[in-house]
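Okay, my_file34.pdb now, which holds PDB, N, CA and C atoms, pLDDT in the B column:
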```pdb
ATOM      1  N   MET A  38     164.250 -35.846  47.250  1.00 60.00           N
ATOM      2  CA  MET A  38     164.157 -35.574  45.829  1.00 60.00           C
ATOM      3  C   MET A  38     165.211 -34.537  45.463  1.00 60.00           C
ATOM      4  N   GLY A  39     166.010 -34.854  44.468  1.00 80.00           N
ATOM      5  CA  GLY A  39     167.071 -33.954  44.060  1.00 80.00           C
ATOM      6  C   GLY A  39     166.583 -32.869  43.123  1.00 80.00           C
ATOM      7  N   ILE A  40     167.371 -31.808  43.062  1.00 81.00           N
ATOM      8  CA  ILE A  40     166.991 -30.661  42.242  1.00 81.00           C
ATOM      9  C   ILE A  40     167.066 -31.006  40.749  1.00 81.00           C
ATOM     10  N   LEU A  41     168.024 -31.829  40.342  1.00 82.00           N
ATOM     11  CA  LEU A  41     168.117 -32.207  38.932  1.00 82.00           C
ATOM     12  C   LEU A  41     166.939 -33.080  38.516  1.00 82.00           C
ATOM     13  N   LYS A  42     166.481 -33.938  39.421  1.00 80.00           N
ATOM     14  CA  LYS A  42     165.306 -34.763  39.138  1.00 80.00           C
ATOM     15  C   LYS A  42     164.081 -33.871  38.956  1.00 80.00           C
ATOM     16  N   GLN A  43     163.968 -32.830  39.794  1.00 78.00           N
ATOM     17  CA  GLN A  43     162.834 -31.907  39.697  1.00 78.00           C
ATOM     18  C   GLN A  43     162.872 -31.139  38.372  1.00 78.00           C
ATOM     19  N   PHE A  44     164.053 -30.668  37.961  1.00 74.00           N
ATOM     20  CA  PHE A  44     164.180 -29.983  36.671  1.00 74.00           C
ATOM     21  C   PHE A  44     163.782 -30.913  35.530  1.00 74.00           C
ATOM     22  N   ALA A  45     164.204 -32.165  35.608  1.00 78.00           N
ATOM     23  CA  ALA A  45     163.869 -33.122  34.554  1.00 78.00           C
ATOM     24  C   ALA A  45     162.361 -33.338  34.473  1.00 78.00           C
ATOM     25  N   GLU A  46     161.692 -33.366  35.620  1.00 77.00           N
ATOM     26  CA  GLU A  46     160.236 -33.512  35.619  1.00 77.00           C
ATOM     27  C   GLU A  46     159.559 -32.265  35.064  1.00 77.00           C
ATOM     28  N   TYR A  47     160.073 -31.084  35.390  1.00 72.00           N
ATOM     29  CA  TYR A  47     159.477 -29.835  34.893  1.00 72.00           C
ATOM     30  C   TYR A  47     159.585 -29.735  33.381  1.00 72.00           C
ATOM     31  N   LEU A  48     160.724 -30.166  32.844  1.00 74.00           N
ATOM     32  CA  LEU A  48     160.970 -30.028  31.413  1.00 74.00           C
ATOM     33  C   LEU A  48     160.539 -31.267  30.623  1.00 74.00           C
ATOM     34  N   TYR A  49     159.782 -32.142  31.243  1.00 71.00           N
ATOM     35  CA  TYR A  49     159.247 -33.351  30.619  1.00 71.00           C
ATOM     36  C   TYR A  49     160.333 -34.293  30.120  1.00 71.00           C
ATOM     37  N   ILE A  50     161.510 -34.274  30.737  1.00 70.00           N
ATOM     38  CA  ILE A  50     162.574 -35.205  30.381  1.00 70.00           C
ATOM     39  C   ILE A  50     162.358 -36.524  31.122  1.00 70.00           C
ATOM     40  N   LYS A  51     161.831 -36.432  32.338  1.00 71.00           N
ATOM     41  CA  LYS A  51     161.611 -37.606  33.175  1.00 71.00           C
ATOM     42  C   LYS A  51     160.160 -37.627  33.623  1.00 71.00           C
ATOM     43  N   LYS A  52     159.587 -38.834  33.704  1.00 72.00           N
ATOM     44  CA  LYS A  52     158.208 -38.947  34.167  1.00 72.00           C
ATOM     45  C   LYS A  52     158.139 -38.662  35.656  1.00 72.00           C
ATOM     46  N   ARG A  53     157.043 -38.043  36.089  1.00 72.00           N
ATOM     47  CA  ARG A  53     156.885 -37.735  37.505  1.00 72.00           C
ATOM     48  C   ARG A  53     156.487 -38.982  38.279  1.00 72.00           C
ATOM     49  N   ASP A  54     156.687 -38.927  39.596  1.00 72.00           N
ATOM     50  CA  ASP A  54     156.341 -40.034  40.479  1.00 72.00           C
ATOM     51  C   ASP A  54     154.821 -40.163  40.544  1.00 72.00           C
ATOM     52  N   THR A  55     154.301 -41.343  40.227  1.00 75.00           N
ATOM     53  CA  THR A  55     152.849 -41.531  40.212  1.00 75.00           C
ATOM     54  C   THR A  55     152.270 -41.656  41.618  1.00 75.00           C
ATOM     55  N   ASP A  56     153.101 -41.965  42.620  1.00 78.00           N
ATOM     56  CA  ASP A  56     152.616 -42.086  43.998  1.00 78.00           C
ATOM     57  C   ASP A  56     152.460 -40.726  44.680  1.00 78.00           C
ATOM     58  N   GLU A  57     153.058 -39.704  44.107  1.00 74.00           N
ATOM     59  CA  GLU A  57     153.015 -38.357  44.695  1.00 74.00           C
ATOM     60  C   GLU A  57     151.621 -37.749  44.504  1.00 74.00           C
ATOM     61  N   PRO A  58     151.034 -37.223  45.588  1.00 79.00           N
ATOM     62  CA  PRO A  58     149.711 -36.599  45.431  1.00 79.00           C
ATOM     63  C   PRO A  58     149.805 -35.341  44.566  1.00 79.00           C
ATOM     64  N   ARG A  59     148.808 -35.134  43.729  1.00 80.00           N
ATOM     65  CA  ARG A  59     148.834 -34.014  42.778  1.00 80.00           C
ATOM     66  C   ARG A  59     147.588 -33.168  43.004  1.00 80.00           C
ATOM     67  N   THR A  60     147.761 -32.040  43.684  1.00 86.00           N
ATOM     68  CA  THR A  60     146.638 -31.145  43.918  1.00 86.00           C
ATOM     69  C   THR A  60     146.647 -30.034  42.878  1.00 86.00           C
ATOM     70  N   LYS A  61     145.589 -29.268  42.856  1.00 90.00           N
ATOM     71  CA  LYS A  61     145.465 -28.183  41.880  1.00 90.00           C
ATOM     72  C   LYS A  61     146.552 -27.126  42.097  1.00 90.00           C
ATOM     73  N   PHE A  62     146.839 -26.826  43.367  1.00 88.00           N
ATOM     74  CA  PHE A  62     147.810 -25.766  43.653  1.00 88.00           C
ATOM     75  C   PHE A  62     149.237 -26.192  43.331  1.00 88.00           C
ATOM     76  N   THR A  63     149.595 -27.452  43.583  1.00 81.00           N
ATOM     77  CA  THR A  63     150.937 -27.894  43.198  1.00 81.00           C
ATOM     78  C   THR A  63     151.064 -27.968  41.679  1.00 81.00           C
ATOM     79  N   LYS A  64     149.963 -28.278  41.007  1.00 83.00           N
ATOM     80  CA  LYS A  64     149.976 -28.289  39.543  1.00 83.00           C
ATOM     81  C   LYS A  64     150.259 -26.884  39.013  1.00 83.00           C
ATOM     82  N   TYR A  65     149.620 -25.868  39.601  1.00 89.00           N
ATOM     83  CA  TYR A  65     149.875 -24.480  39.201  1.00 89.00           C
ATOM     84  C   TYR A  65     151.312 -24.078  39.510  1.00 89.00           C
ATOM     85  N   MET A  66     151.806 -24.475  40.683  1.00 85.00           N
ATOM     86  CA  MET A  66     153.160 -24.119  41.086  1.00 85.00           C
ATOM     87  C   MET A  66     154.184 -24.738  40.130  1.00 85.00           C
ATOM     88  N   HIS A  67     153.997 -26.012  39.792  1.00 82.00           N
ATOM     89  CA  HIS A  67     154.923 -26.663  38.876  1.00 82.00           C
ATOM     90  C   HIS A  67     154.843 -26.047  37.482  1.00 82.00           C
ATOM     91  N   GLY A  68     153.666 -25.614  37.062  1.00 86.00           N
ATOM     92  CA  GLY A  68     153.529 -24.939  35.777  1.00 86.00           C
ATOM     93  C   GLY A  68     154.284 -23.619  35.739  1.00 86.00           C
ATOM     94  N   MET A  69     154.182 -22.841  36.812  1.00 90.00           N
ATOM     95  CA  MET A  69     154.913 -21.566  36.878  1.00 90.00           C
ATOM     96  C   MET A  69     156.419 -21.809  36.920  1.00 90.00           C
ATOM     97  N   ASN A  70     156.856 -22.821  37.654  1.00 85.00           N
ATOM     98  CA  ASN A  70     158.282 -23.148  37.697  1.00 85.00           C
ATOM     99  C   ASN A  70     158.773 -23.555  36.314  1.00 85.00           C
ATOM    100  N   ARG A  71     157.958 -24.323  35.597  1.00 86.00           N
ATOM    101  CA  ARG A  71     158.320 -24.755  34.248  1.00 86.00           C
ATOM    102  C   ARG A  71     158.481 -23.544  33.331  1.00 86.00           C
ATOM    103  N   ILE A  72     157.561 -22.597  33.412  1.00 91.00           N
ATOM    104  CA  ILE A  72     157.637 -21.394  32.581  1.00 91.00           C
ATOM    105  C   ILE A  72     158.882 -20.589  32.912  1.00 91.00           C
ATOM    106  N   SER A  73     159.194 -20.429  34.197  1.00 91.00           N
ATOM    107  CA  SER A  73     160.361 -19.627  34.579  1.00 91.00           C
ATOM    108  C   SER A  73     161.667 -20.298  34.156  1.00 91.00           C
ATOM    109  N   ILE A  74     161.747 -21.621  34.234  1.00 87.00           N
ATOM    110  CA  ILE A  74     162.956 -22.324  33.797  1.00 87.00           C
ATOM    111  C   ILE A  74     163.142 -22.179  32.296  1.00 87.00           C
ATOM    112  N   ILE A  75     162.071 -22.325  31.532  1.00 89.00           N
ATOM    113  CA  ILE A  75     162.164 -22.193  30.079  1.00 89.00           C
ATOM    114  C   ILE A  75     162.562 -20.772  29.687  1.00 89.00           C
ATOM    115  N   MET A  76     161.987 -19.768  30.361  1.00 95.00           N
ATOM    116  CA  MET A  76     162.359 -18.375  30.067  1.00 95.00           C
ATOM    117  C   MET A  76     163.822 -18.116  30.413  1.00 95.00           C
ATOM    118  N   PHE A  77     164.311 -18.688  31.495  1.00 93.00           N
ATOM    119  CA  PHE A  77     165.710 -18.526  31.886  1.00 93.00           C
ATOM    120  C   PHE A  77     166.632 -19.142  30.840  1.00 93.00           C
ATOM    121  N   ILE A  78     166.292 -20.329  30.351  1.00 92.00           N
ATOM    122  CA  ILE A  78     167.116 -20.985  29.336  1.00 92.00           C
ATOM    123  C   ILE A  78     167.117 -20.173  28.040  1.00 92.00           C
ATOM    124  N   ILE A  79     165.967 -19.631  27.658  1.00 96.00           N
ATOM    125  CA  ILE A  79     165.894 -18.792  26.459  1.00 96.00           C
ATOM    126  C   ILE A  79     166.751 -17.541  26.627  1.00 96.00           C
ATOM    127  N   ALA A  80     166.707 -16.929  27.812  1.00 97.00           N
ATOM    128  CA  ALA A  80     167.518 -15.735  28.070  1.00 97.00           C
ATOM    129  C   ALA A  80     169.007 -16.066  28.005  1.00 97.00           C
ATOM    130  N   LEU A  81     169.409 -17.219  28.525  1.00 96.00           N
ATOM    131  CA  LEU A  81     170.820 -17.611  28.436  1.00 96.00           C
ATOM    132  C   LEU A  81     171.247 -17.808  26.986  1.00 96.00           C
ATOM    133  N   ILE A  82     170.382 -18.411  26.184  1.00 97.00           N
ATOM    134  CA  ILE A  82     170.704 -18.621  24.772  1.00 97.00           C
ATOM    135  C   ILE A  82     170.845 -17.286  24.055  1.00 97.00           C
ATOM    136  N   ILE A  83     169.957 -16.344  24.336  1.00 97.00           N
ATOM    137  CA  ILE A  83     170.030 -15.017  23.705  1.00 97.00           C
ATOM    138  C   ILE A  83     171.306 -14.291  24.129  1.00 97.00           C
ATOM    139  N   MET A  84     171.642 -14.374  25.413  1.00 97.00           N
ATOM    140  CA  MET A  84     172.861 -13.715  25.892  1.00 97.00           C
ATOM    141  C   MET A  84     174.113 -14.322  25.246  1.00 97.00           C
ATOM    142  N   LEU A  85     174.156 -15.647  25.135  1.00 96.00           N
ATOM    143  CA  LEU A  85     175.293 -16.290  24.478  1.00 96.00           C
ATOM    144  C   LEU A  85     175.369 -15.918  23.007  1.00 96.00           C
ATOM    145  N   PHE A  86     174.228 -15.832  22.341  1.00 95.00           N
ATOM    146  CA  PHE A  86     174.204 -15.445  20.934  1.00 95.00           C
ATOM    147  C   PHE A  86     174.738 -14.033  20.753  1.00 95.00           C
ATOM    148  N   LYS A  87     174.313 -13.107  21.624  1.00 96.00           N
ATOM    149  CA  LYS A  87     174.788 -11.714  21.521  1.00 96.00           C
ATOM    150  C   LYS A  87     176.277 -11.610  21.856  1.00 96.00           C
ATOM    151  N   LEU A  88     176.729 -12.435  22.775  1.00 95.00           N
ATOM    152  CA  LEU A  88     178.138 -12.395  23.174  1.00 95.00           C
ATOM    153  C   LEU A  88     179.036 -12.929  22.066  1.00 95.00           C
ATOM    154  N   LEU A  89     178.585 -13.944  21.369  1.00 94.00           N
ATOM    155  CA  LEU A  89     179.424 -14.572  20.361  1.00 94.00           C
ATOM    156  C   LEU A  89     179.327 -13.909  18.987  1.00 94.00           C
ATOM    157  N   PHE A  90     178.204 -13.266  18.684  1.00 88.00           N
ATOM    158  CA  PHE A  90     178.019 -12.695  17.346  1.00 88.00           C
ATOM    159  C   PHE A  90     177.796 -11.245  17.389  1.00 88.00           C
TER     160      PHE A  90
END
```
Go ahead and render the structure in this file as structure tokens.
Amino acid sequence: MGILKQFAEYLYIKKRDTDEPRTKFTKYMHGMNRISIIMFIIALIIMLFKLLF
């Protein structure tokens, strides 16, 4: 599984594999990863905004 495919699944761009087992702990882990990726993207947008304006 590639890293870009995983990012797409975290950000709801691509549907996840239905054959993959989904436990409670992996669900929590993927949720935390999703939150951290979204916060990182927001921070990049803020930094670019401050740099340009």
Review point. Taking the file as shown, what set of residues would the PyMOL selection byres (((chain A and resi 61-68 and name CA) around 12) and name CA) give back, as a PyMOL selection string?
Key: chain A and resi 43-49+53+57-60+69-75
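Of note, atom N of Ile40 (chain A) and CA of Lys52 (chain A) are spaced 14.6 Å apart.
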Could you work out an axis-aligned box for region 47-60 of chain A, taking every atom the file lists and adding 4 Å on each side, and report centre and edge lengths in Å to one decimal, as JSON?
```
{"center_x": 154.6, "center_y": -35.9, "center_z": 37.9, "size_x": 23.9, "size_y": 20.4, "size_z": 23.5}
```
Revision key, fill the gap. Between atom N of Lys42 (chain A) and atom C of Thr55 (chain A) lies a distance of 16.3 Å
